[in-house]
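Asks: The structure file coords_37.txt (compact mmCIF, C-alpha atoms) is provided below.
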# COMPACT_ATOMS: atom_id res chain seq x y z
CA MET F 1 112.60 15.03 43.55
CA LYS F 2 112.30 16.63 46.97
CA PHE F 3 108.88 18.14 47.84
CA GLU F 4 108.36 21.18 50.08
CA VAL F 5 105.35 21.23 52.45
CA TYR F 6 103.38 23.68 50.29
CA GLN F 7 103.80 21.39 47.29
CA ILE F 8 101.76 18.78 49.15
CA ILE F 9 99.23 21.07 50.89
CA VAL F 10 98.22 23.15 47.85
CA PRO F 11 97.32 20.17 45.60
CA ILE F 12 95.35 18.58 48.47
CA ILE F 13 93.37 21.83 48.90
CA GLY F 14 92.92 21.92 45.12
CA LEU F 15 91.53 18.38 45.06
CA LEU F 16 89.11 19.14 47.91
CA VAL F 17 87.85 22.31 46.19
CA ILE F 18 87.47 20.46 42.87
CA ALA F 19 85.47 17.72 44.63
CA MET F 20 83.23 20.36 46.26
CA THR F 21 82.78 22.17 42.95
CA VAL F 22 81.80 18.97 41.12
CA ARG F 23 79.36 18.10 43.95
CA GLN F 24 77.76 21.56 43.70
CA HIS F 25 77.49 21.14 39.93
CA LEU F 26 75.76 17.78 40.37
CA LEU F 27 73.36 19.42 42.84
CA GLY F 28 72.58 22.05 40.21
CA LYS F 29 74.14 24.95 42.12
CA ASN F 30 76.92 25.73 39.59
CA THR F 31 76.69 26.15 35.85
CA PHE F 32 78.88 24.03 33.55
CA PHE F 33 81.02 27.11 32.77
CA GLU F 34 81.59 27.91 36.46
CA THR F 35 82.48 24.30 37.28
CA SER F 36 84.89 24.04 34.34
CA PHE F 37 86.48 27.37 35.24
CA TRP F 38 87.13 26.43 38.87
CA ILE F 39 88.41 22.96 38.00
CA ALA F 40 90.85 24.47 35.46
CA PHE F 41 91.90 27.13 37.98
CA TRP F 42 92.69 24.65 40.77
CA ILE F 43 94.46 22.24 38.41
CA PHE F 44 96.59 25.20 37.27
CA VAL F 45 97.39 26.27 40.86
CA SER F 46 98.19 22.68 41.87
CA LEU F 47 100.50 22.21 38.90
CA ILE F 48 102.35 25.42 39.73
CA ALA F 49 102.77 24.18 43.30
CA ILE F 50 104.09 20.78 42.14
CA PHE F 51 106.25 22.08 39.26
CA PRO F 52 106.97 25.72 40.17
CA ASP F 53 110.01 26.36 37.97
CA PRO F 54 109.07 24.73 34.63
CA ILE F 55 105.57 26.27 34.64
CA THR F 56 106.54 29.80 35.68
CA VAL F 57 109.44 29.80 33.21
CA PHE F 58 107.05 28.60 30.50
CA ILE F 59 104.57 31.42 31.36
CA SER F 60 107.29 34.07 31.41
CA LYS F 61 108.61 32.91 28.02
CA THR F 62 105.14 32.67 26.51
CA LEU F 63 104.11 36.17 27.70
CA GLY F 64 107.51 37.65 26.96
CA ILE F 65 108.08 38.69 30.58
CA LYS F 66 111.71 38.22 31.55
CA ASP F 67 111.30 37.38 35.22
CA ASN F 68 109.20 34.31 35.99
CA ILE F 69 108.02 35.80 39.32
CA ASN F 70 106.71 38.89 37.49
CA ALA F 71 105.00 36.55 35.04
CA ILE F 72 103.16 34.74 37.80
CA ILE F 73 102.15 38.05 39.47
CA PHE F 74 100.89 39.35 36.14
CA THR F 75 98.91 36.15 35.49
CA GLY F 76 97.48 36.30 39.02
CA LEU F 77 96.38 39.91 38.52
CA ALA F 78 94.75 39.07 35.21
CA LEU F 79 92.94 36.15 36.79
CA SER F 80 91.88 38.29 39.75
CA PHE F 81 90.50 40.91 37.33
CA PHE F 82 88.57 38.23 35.48
CA ILE F 83 87.06 36.90 38.72
CA HIS F 84 86.11 40.43 39.82
CA PHE F 85 84.53 41.14 36.46
CA ASN F 86 82.60 37.89 36.61
CA MET F 87 81.33 38.73 40.12
CA PHE F 88 80.44 42.26 39.02
CA MET F 89 78.32 40.89 36.17
CA ILE F 90 76.61 38.42 38.49
CA ILE F 91 75.80 41.17 41.03
CA LYS F 92 74.44 43.40 38.24
CA LYS F 93 72.23 40.59 36.99
CA GLN F 94 70.99 39.80 40.51
CA ASN F 95 70.17 43.48 41.08
CA ARG F 96 68.15 43.62 37.86
CA THR F 97 66.32 40.43 38.82
CA ILE F 98 65.48 41.80 42.29
CA THR F 99 64.19 45.06 40.82
CA GLU F 100 62.03 43.20 38.29
CA LEU F 101 60.67 40.96 41.04
CA VAL F 102 59.87 43.90 43.35
CA ARG F 103 58.22 45.70 40.40
CA THR F 104 56.09 42.73 39.36
CA ILE F 105 54.87 42.15 42.93
CA ALA F 106 54.04 45.88 43.35
CA ILE F 107 52.03 46.00 40.10
CA GLN F 108 50.24 42.70 40.74
CA SER F 109 49.27 43.76 44.28
CA ALA F 110 47.96 47.11 43.05
CA SER F 111 45.97 45.42 40.27
CA LYS F 112 44.37 43.02 42.78
CA ASP F 113 43.53 45.88 45.17
CA GLY F 114 42.14 47.98 42.34
CA MET L 1 47.46 59.22 17.65
CA THR L 2 44.98 60.99 19.94
CA ARG L 3 46.63 63.88 21.77
CA SER L 4 44.32 65.75 24.07
CA LYS L 5 44.62 68.13 26.99
CA ASP L 6 41.96 66.31 28.98
CA LYS L 7 43.35 66.27 32.53
CA THR L 8 41.72 62.93 33.28
CA ARG L 9 43.91 61.37 30.57
CA VAL L 10 47.12 62.61 32.16
CA VAL L 11 48.70 60.33 34.76
CA ILE L 12 51.01 61.77 37.40
CA VAL L 13 53.70 59.32 38.56
CA ILE L 14 55.47 60.17 41.82
CA PRO L 15 58.34 57.98 43.07
CA ALA L 16 58.54 58.39 46.85
CA TYR L 17 60.95 57.17 49.50
CA ASN L 18 60.36 58.23 53.11
CA GLU L 19 58.26 61.26 52.12
CA GLY L 20 55.96 61.01 55.14
CA GLY L 21 54.59 64.47 56.02
CA ARG L 22 55.09 65.70 52.43
CA ILE L 23 53.63 63.16 50.00
CA GLY L 24 50.05 63.75 51.18
CA GLN L 25 50.42 67.48 50.54
CA VAL L 26 51.85 66.82 47.07
CA VAL L 27 48.98 64.48 46.12
CA HIS L 28 46.36 66.94 47.45
CA ALA L 29 47.98 69.81 45.57
CA VAL L 30 48.05 67.84 42.30
CA ARG L 31 44.41 66.78 42.70
CA LYS L 32 43.52 70.42 43.38
CA GLN L 33 44.95 71.25 39.94
CA GLY L 34 42.36 68.88 38.45
CA TYR L 35 44.46 65.77 37.82
CA PRO L 36 42.66 62.74 39.29
CA GLN L 37 45.02 59.98 38.10
CA ILE L 38 47.97 59.95 40.49
CA VAL L 39 50.24 56.94 40.95
CA VAL L 40 52.63 57.04 43.90
CA VAL L 41 55.35 54.39 43.92
CA ASN L 42 56.24 53.86 47.56
CA ASP L 43 59.83 52.70 47.23
CA GLY L 44 60.21 50.60 50.40
CA SER L 45 59.68 53.54 52.76
CA SER L 46 60.02 52.90 56.47
CA ASP L 47 57.59 55.72 57.36
CA GLU L 48 53.93 56.49 56.55
CA THR L 49 54.49 57.45 52.90
CA GLY L 50 52.20 54.73 51.50
CA ARG L 51 49.35 55.36 53.94
CA GLU L 52 49.50 59.16 53.47
CA ALA L 53 49.46 58.84 49.68
CA ARG L 54 46.49 56.42 49.77
CA GLU L 55 44.54 58.66 52.14
CA ALA L 56 45.18 61.62 49.85
CA GLY L 57 43.60 59.69 46.98
CA ALA L 58 46.53 58.28 45.02
CA THR L 59 46.91 54.76 43.67
CA VAL L 60 49.89 53.38 45.56
CA LEU L 61 52.32 50.77 44.26
CA ASP L 62 54.41 49.36 47.10
CA HIS L 63 57.98 48.26 46.52
CA ALA L 64 58.70 45.65 49.21
CA ILE L 65 62.27 46.96 49.48
CA ASN L 66 63.99 50.19 48.44
CA ARG L 67 65.24 49.96 44.85
CA GLY L 68 65.94 53.59 43.99
CA ALA L 69 64.19 56.47 42.23
CA GLY L 70 64.83 55.07 38.74
CA ALA L 71 63.40 51.66 39.59
CA ALA L 72 60.36 53.27 41.24
CA THR L 73 59.72 55.52 38.24
CA GLN L 74 59.88 52.58 35.84
CA THR L 75 57.45 50.66 38.06
CA GLY L 76 55.05 53.58 37.68
CA PHE L 77 55.59 53.60 33.89
CA SER L 78 55.05 49.83 33.59
CA TYR L 79 51.85 50.08 35.64
CA VAL L 80 50.52 52.98 33.56
CA LEU L 81 51.34 51.22 30.27
CA SER L 82 49.72 47.95 31.30
CA GLN L 83 46.74 49.14 33.33
CA LEU L 84 45.66 52.67 32.38
CA ASP L 85 44.31 54.57 29.42
CA PHE L 86 46.24 57.83 29.01
CA ASP L 87 47.61 60.48 26.66
CA ALA L 88 50.58 61.64 28.74
CA VAL L 89 52.49 60.77 31.90
CA VAL L 90 54.06 63.33 34.20
CA THR L 91 56.83 62.51 36.66
CA MET L 92 57.15 64.70 39.75
CA ASP L 93 59.18 64.56 42.96
CA GLY L 94 57.35 63.66 46.15
CA ASP L 95 59.06 66.19 48.41
CA ASN L 96 57.16 69.39 47.52
CA GLN L 97 60.10 70.52 45.39
CA HIS L 98 57.93 71.08 42.32
CA GLU L 99 55.08 73.51 41.89
CA PRO L 100 51.85 71.64 40.93
CA ALA L 101 50.60 74.88 39.35
CA ASP L 102 53.28 74.34 36.66
CA LEU L 103 51.45 71.21 35.50
CA ASP L 104 48.97 73.05 33.26
CA HIS L 105 51.70 75.07 31.59
CA MET L 106 53.92 72.01 31.07
CA ILE L 107 51.13 69.91 29.58
CA GLU L 108 49.86 72.75 27.42
CA GLU L 109 53.34 73.23 25.91
CA HIS L 110 53.79 69.47 25.57
CA PHE L 111 50.70 69.11 23.40
CA ALA L 112 51.03 72.47 21.64
CA GLN L 113 54.56 71.63 20.47
CA ALA L 114 53.70 67.97 19.77
CA ALA L 115 56.51 66.89 22.10
CA ASP L 116 57.25 63.38 23.28
CA LEU L 117 59.44 64.42 26.19
CA THR L 118 58.96 67.76 27.94
CA ILE L 119 61.61 68.58 30.51
CA GLY L 120 60.73 70.95 33.34
CA ASN L 121 63.84 73.12 33.25
CA ARG L 122 64.76 74.77 36.57
CA PHE L 123 67.45 76.94 35.03
CA LEU L 124 65.21 78.62 32.45
CA GLN L 125 62.98 80.11 35.15
CA THR L 126 64.20 83.34 36.71
CA GLY L 127 63.77 83.64 40.47
CA ASN L 128 64.53 80.03 41.37
CA ASP L 129 66.74 79.97 44.45
CA ILE L 130 68.93 76.98 43.62
CA PRO L 131 71.74 76.25 46.11
CA GLY L 132 75.22 76.77 44.63
CA LYS L 133 76.24 73.18 45.34
CA ARG L 134 73.25 71.93 43.33
CA VAL L 135 74.07 74.26 40.44
CA VAL L 136 77.62 72.86 40.26
CA PHE L 137 76.51 69.19 40.46
CA ASN L 138 73.82 69.78 37.84
CA ARG L 139 76.29 71.42 35.47
CA VAL L 140 78.63 68.44 35.79
CA ALA L 141 75.68 66.06 35.25
CA ASN L 142 74.62 68.10 32.19
CA ILE L 143 78.10 67.78 30.69
CA VAL L 144 78.08 64.01 31.33
CA THR L 145 74.58 63.60 29.88
CA SER L 146 75.45 65.75 26.85
CA MET L 147 78.56 63.61 26.27
CA PHE L 148 76.51 60.41 26.21
CA SER L 149 73.63 61.80 24.16
CA TRP L 150 75.73 63.93 21.75
CA LYS L 151 73.24 66.76 22.29
CA SER L 152 73.36 69.84 24.49
CA VAL L 153 71.34 69.29 27.68
CA SER L 154 70.66 72.16 30.09
CA ASP L 155 68.78 70.41 32.93
CA SER L 156 69.51 66.71 32.90
CA GLN L 157 68.52 66.06 36.52
CA SER L 158 65.02 67.51 36.60
CA GLY L 159 62.45 65.11 38.01
CA PHE L 160 59.55 67.07 36.50
CA LYS L 161 58.90 65.70 33.02
CA VAL L 162 56.00 64.98 30.68
CA LEU L 163 56.20 61.88 28.47
CA SER L 164 53.98 60.85 25.61
CA ARG L 165 52.72 57.30 25.13
CA GLU L 166 55.34 56.83 22.42
CA ALA L 167 58.14 58.01 24.72
CA LEU L 168 56.95 55.64 27.42
CA ARG L 169 57.03 52.73 24.99
CA LYS L 170 60.49 53.60 23.68
CA ILE L 171 62.17 54.45 26.97
CA HIS L 172 62.60 51.64 29.48
CA ILE L 173 64.53 52.79 32.56
CA GLU L 174 67.20 50.27 33.49
CA LEU L 175 69.29 52.26 35.95
CA ASP L 176 67.79 52.04 39.42
CA GLY L 177 69.23 55.16 41.07
CA TYR L 178 69.12 58.91 40.38
CA GLU L 179 71.08 58.37 37.17
CA PHE L 180 67.76 57.46 35.53
CA CYS L 181 67.19 61.19 34.86
CA SER L 182 70.17 61.19 32.49
CA GLU L 183 69.19 57.79 31.11
CA ILE L 184 65.73 59.04 30.05
CA ILE L 185 67.24 62.00 28.19
CA ILE L 186 69.97 59.92 26.52
CA LYS L 187 67.47 57.29 25.38
CA ALA L 188 65.04 59.97 24.21
CA HIS L 189 67.75 61.58 22.06
CA LYS L 190 68.75 58.19 20.63
CA SER L 191 65.10 57.35 19.89
CA ASP L 192 64.77 60.54 17.84
CA ILE L 193 61.64 61.64 19.68
CA ARG L 194 60.77 65.31 20.07
CA ILE L 195 62.21 66.88 23.24
CA ILE L 196 61.40 70.36 24.53
CA ASP L 197 62.31 72.34 27.66
CA VAL L 198 59.79 74.36 29.63
CA PRO L 199 60.72 76.65 32.56
CA ILE L 200 59.49 75.52 35.98
CA ALA L 201 59.65 76.78 39.54
CA VAL L 202 61.55 74.76 42.13
CA TYR L 203 61.71 74.97 45.92
CA TYR L 204 64.56 73.53 47.95
CA THR L 205 63.86 72.51 51.53
CA PRO L 206 66.39 70.95 53.94
CA GLU L 207 64.70 67.57 53.32
CA SER L 208 64.85 67.83 49.53
CA GLN L 209 68.52 68.83 49.68
CA GLN L 210 69.37 65.59 51.46
CA LYS L 211 68.24 63.67 48.38
CA GLY L 212 68.97 64.04 44.69
CA GLN L 213 72.22 65.15 43.11
CA SER L 214 75.40 65.06 45.15
CA LEU L 215 79.07 64.48 44.36
CA ILE L 216 78.73 60.75 45.15
CA ASN L 217 75.57 60.50 43.03
CA GLY L 218 77.35 62.34 40.22
CA ILE L 219 80.24 59.87 40.25
CA ARG L 220 77.78 56.97 40.42
CA THR L 221 75.81 58.43 37.51
CA PHE L 222 78.93 58.71 35.37
CA SER L 223 80.10 55.23 36.31
CA ASN L 224 76.70 53.61 35.66
CA LEU L 225 76.23 55.40 32.34
CA LEU L 226 79.71 54.32 31.28
CA GLN L 227 79.00 50.72 32.29
CA SER L 228 75.74 50.84 30.35
CA VAL L 229 77.58 52.00 27.26
CA ILE L 230 80.32 49.39 27.62
CA PHE L 231 78.23 46.39 28.58
CA LYS L 232 74.82 47.19 27.14
CA SER L 233 75.49 49.41 24.18
CA ARG L 234 72.32 48.24 22.40
CA GLN L 235 70.12 49.62 25.20
CA LEU L 236 71.80 52.98 25.78
Would you put the structure from the file into structure tokens?

Replies:
Amino acid sequence: MKFEVYQIIVPIIGLLVIAMTVRQHLLGKNTFFETSFWIAFWIFVSLIAIFPDPITVFISKTLGIKDNINAIIFTGLALSFFIHFNMFMIIKKQNRTITELVRTIAIQSASKDG
Amino acid sequence: MTRSKDKTRVVIVIPAYNEGGRIGQVVHAVRKQGYPQIVVVNDGSSDETGREAREAGATVLDHAINRGAGAATQTGFSYVLSQLDFDAVVTMDGDNQHEPADLDHMIEEHFAQAADLTIGNRFLQTGNDIPGKRVVFNRVANIVTSMFSWKSVSDSQSGFKVLSREALRKIHIELDGYEFCSEIIIKAHKSDIRIIDVPIAVYYTPESQQKGQSLINGIRTFSNLLQSVIFKSRQL
């Protein structure tokens, strides 16, 4: 089996990112869900890089999309939407937390002054 | 429940962002009407809003950073609920847009009709010179608010409102921006509390026209209300 350059580079990047993600999880910076999600994502990307044809053909057959390139674009878009949605929810939550914090400080300061 | 028209038991909440030069006048005018309990929420202003409000005799709550009119109003509500004894809370704009002389009339109608939410309606009063652009944006906002509340709403964006203690307990503002005006009305309708409209005067200055409803705010309002329905249907 002859490997192209990208088939070596992508899995190496994947391994590095997985190592970083696990380290961040051990440091308490990532939740278990986030860590699992990113590990699964990079394993998936690495496998596609190593075995491009069998995996894309499998996806296209599973989703019922005739062209395997379209299947991979569709899967990428769905994944991208999921990541955007996840980020959107995180930003919303952070905004609510900031507002609550600002509110609590304002009320506590006024109560002390009063 | 005790429902009185004692002016000392009515708290005026004024969210204010960069209202230097105006907020002091508003606080003085409200005090002149006989309402001593005034809470100004200084929403991270970069000017002298906080100092002017304090000097005029208001209790000032300082947001360390700007969070929006909805967030500031809820800060005022949370403070009133936790720290003050009151029968009603009035929200007013801090830019001289509202007529403090309307306070008596609003509160009288609020208690007379046993309302929980009294909306100061700018479109019921004849003689209000409302810019055409504002009329259009308000009509669109009314349609959006009516859609979400399943009730006809004729001034969804008025910042001049009277709320009872019960309304304050039932309505917790979660949208930080100007869309909170619609949120209050939608939540009030869903809480089955009594809502009335009372005509009020309104004055538009160049400063006041820079804030409030605009096309961008209208789109943001619709988008945020839609998100609230999709992601937090229990709250809205």

Asks: Between L:Met106, L:Asp176, L:Ala115, L:Lys32, which residue has the minimum interatomic distance to Arg103 (chain F), considering only C-alpha atoms?

Replies: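 Between L:Met106, L:Asp176, L:Ala115, L:Lys32, the residue approaching Arg103 (chain F) most closely is L:Asp176.
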
Asks: As a PDB file with C-alpha atoms, keeping the file's coordinate frame, could you give me every residue of chain L near chain F (at most 6 Å apart, counting all atoms listed in the file)?

Replies:
ATOM      1  CA  LEU L  61      52.320  50.770  44.260  1.00  0.00           C
ATOM      2  CA  ASP L  62      54.410  49.360  47.100  1.00  0.00           C
ATOM      3  CA  HIS L  63      57.980  48.260  46.520  1.00  0.00           C
ATOM      4  CA  THR L  75      57.450  50.660  38.060  1.00  0.00           C
TER       5      THR L  75
END

Asks: Could you tell me how far CA of Leu124 (chain L) lies from CA of Ser156 (chain L), in Å and to one decimal?

Replies: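 Here the two named atoms are 12.7 Å from each other.
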
Asks: Quick one: pull the distance between CA of Lys170 (chain L) and CA of Asn224 (chain L), Å, one decimal.

Replies: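 Calculated distance between CA of Lys170 (chain L) and CA of Asn224 (chain L) is 20.2 Å.
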
Asks: Name the closest residue to Phe88 (chain F) among the candidates L:Gln113, L:Gln227, L:Thr91, L:Gln25; distances are taken between atoms, counting only C-alpha atoms.

Replies: L:Gln227

Asks: Within 8 Å of Val202 (chain L), counting all atoms listed in the file, which residues show up once you throw out same-chain ones fewer than 5 positions away? Write them as a list of chain:residue names, please.

Replies: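 Contacts, with the query itself left out: L:Gln97, L:His98, L:Glu99, L:Arg122, L:Asn128, L:Asp129, L:Ile130.
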
Asks: What does the distance from CA of Gly120 (chain L) to CA of Asn138 (chain L) come to in Å, to one decimal?

Replies: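 Those two atoms sit 13.9 Å apart.
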
Asks: Please list as a PyMOL selection string every residue within 12 Å of Ile55 (chain F), counting all atoms listed in the file and excluding residues in the same chain fewer than 4 positions away.

Replies: chain F and resi 44-51+59-62+68-69+71-72+75

Asks: Around all of region 92-102 of chain F's listed atoms, make the axis-aligned box with 6 Å on each side and tell me centre and edge lengths in Å to one decimal, as JSON.

Replies:
{"center_x": 67.2, "center_y": 42.4, "center_z": 40.2, "size_x": 26.6, "size_y": 17.3, "size_z": 18.4}

Asks: Set the distance at 12 Å and use all atoms listed in the file: which residues neighbour Phe123 (chain L) once local chain neighbours fewer than 5 positions away are removed? I'd like the list as a PyMOL selection string.

Replies: chain L and resi 128-131+134-135+138-139+142+153-158+197-202
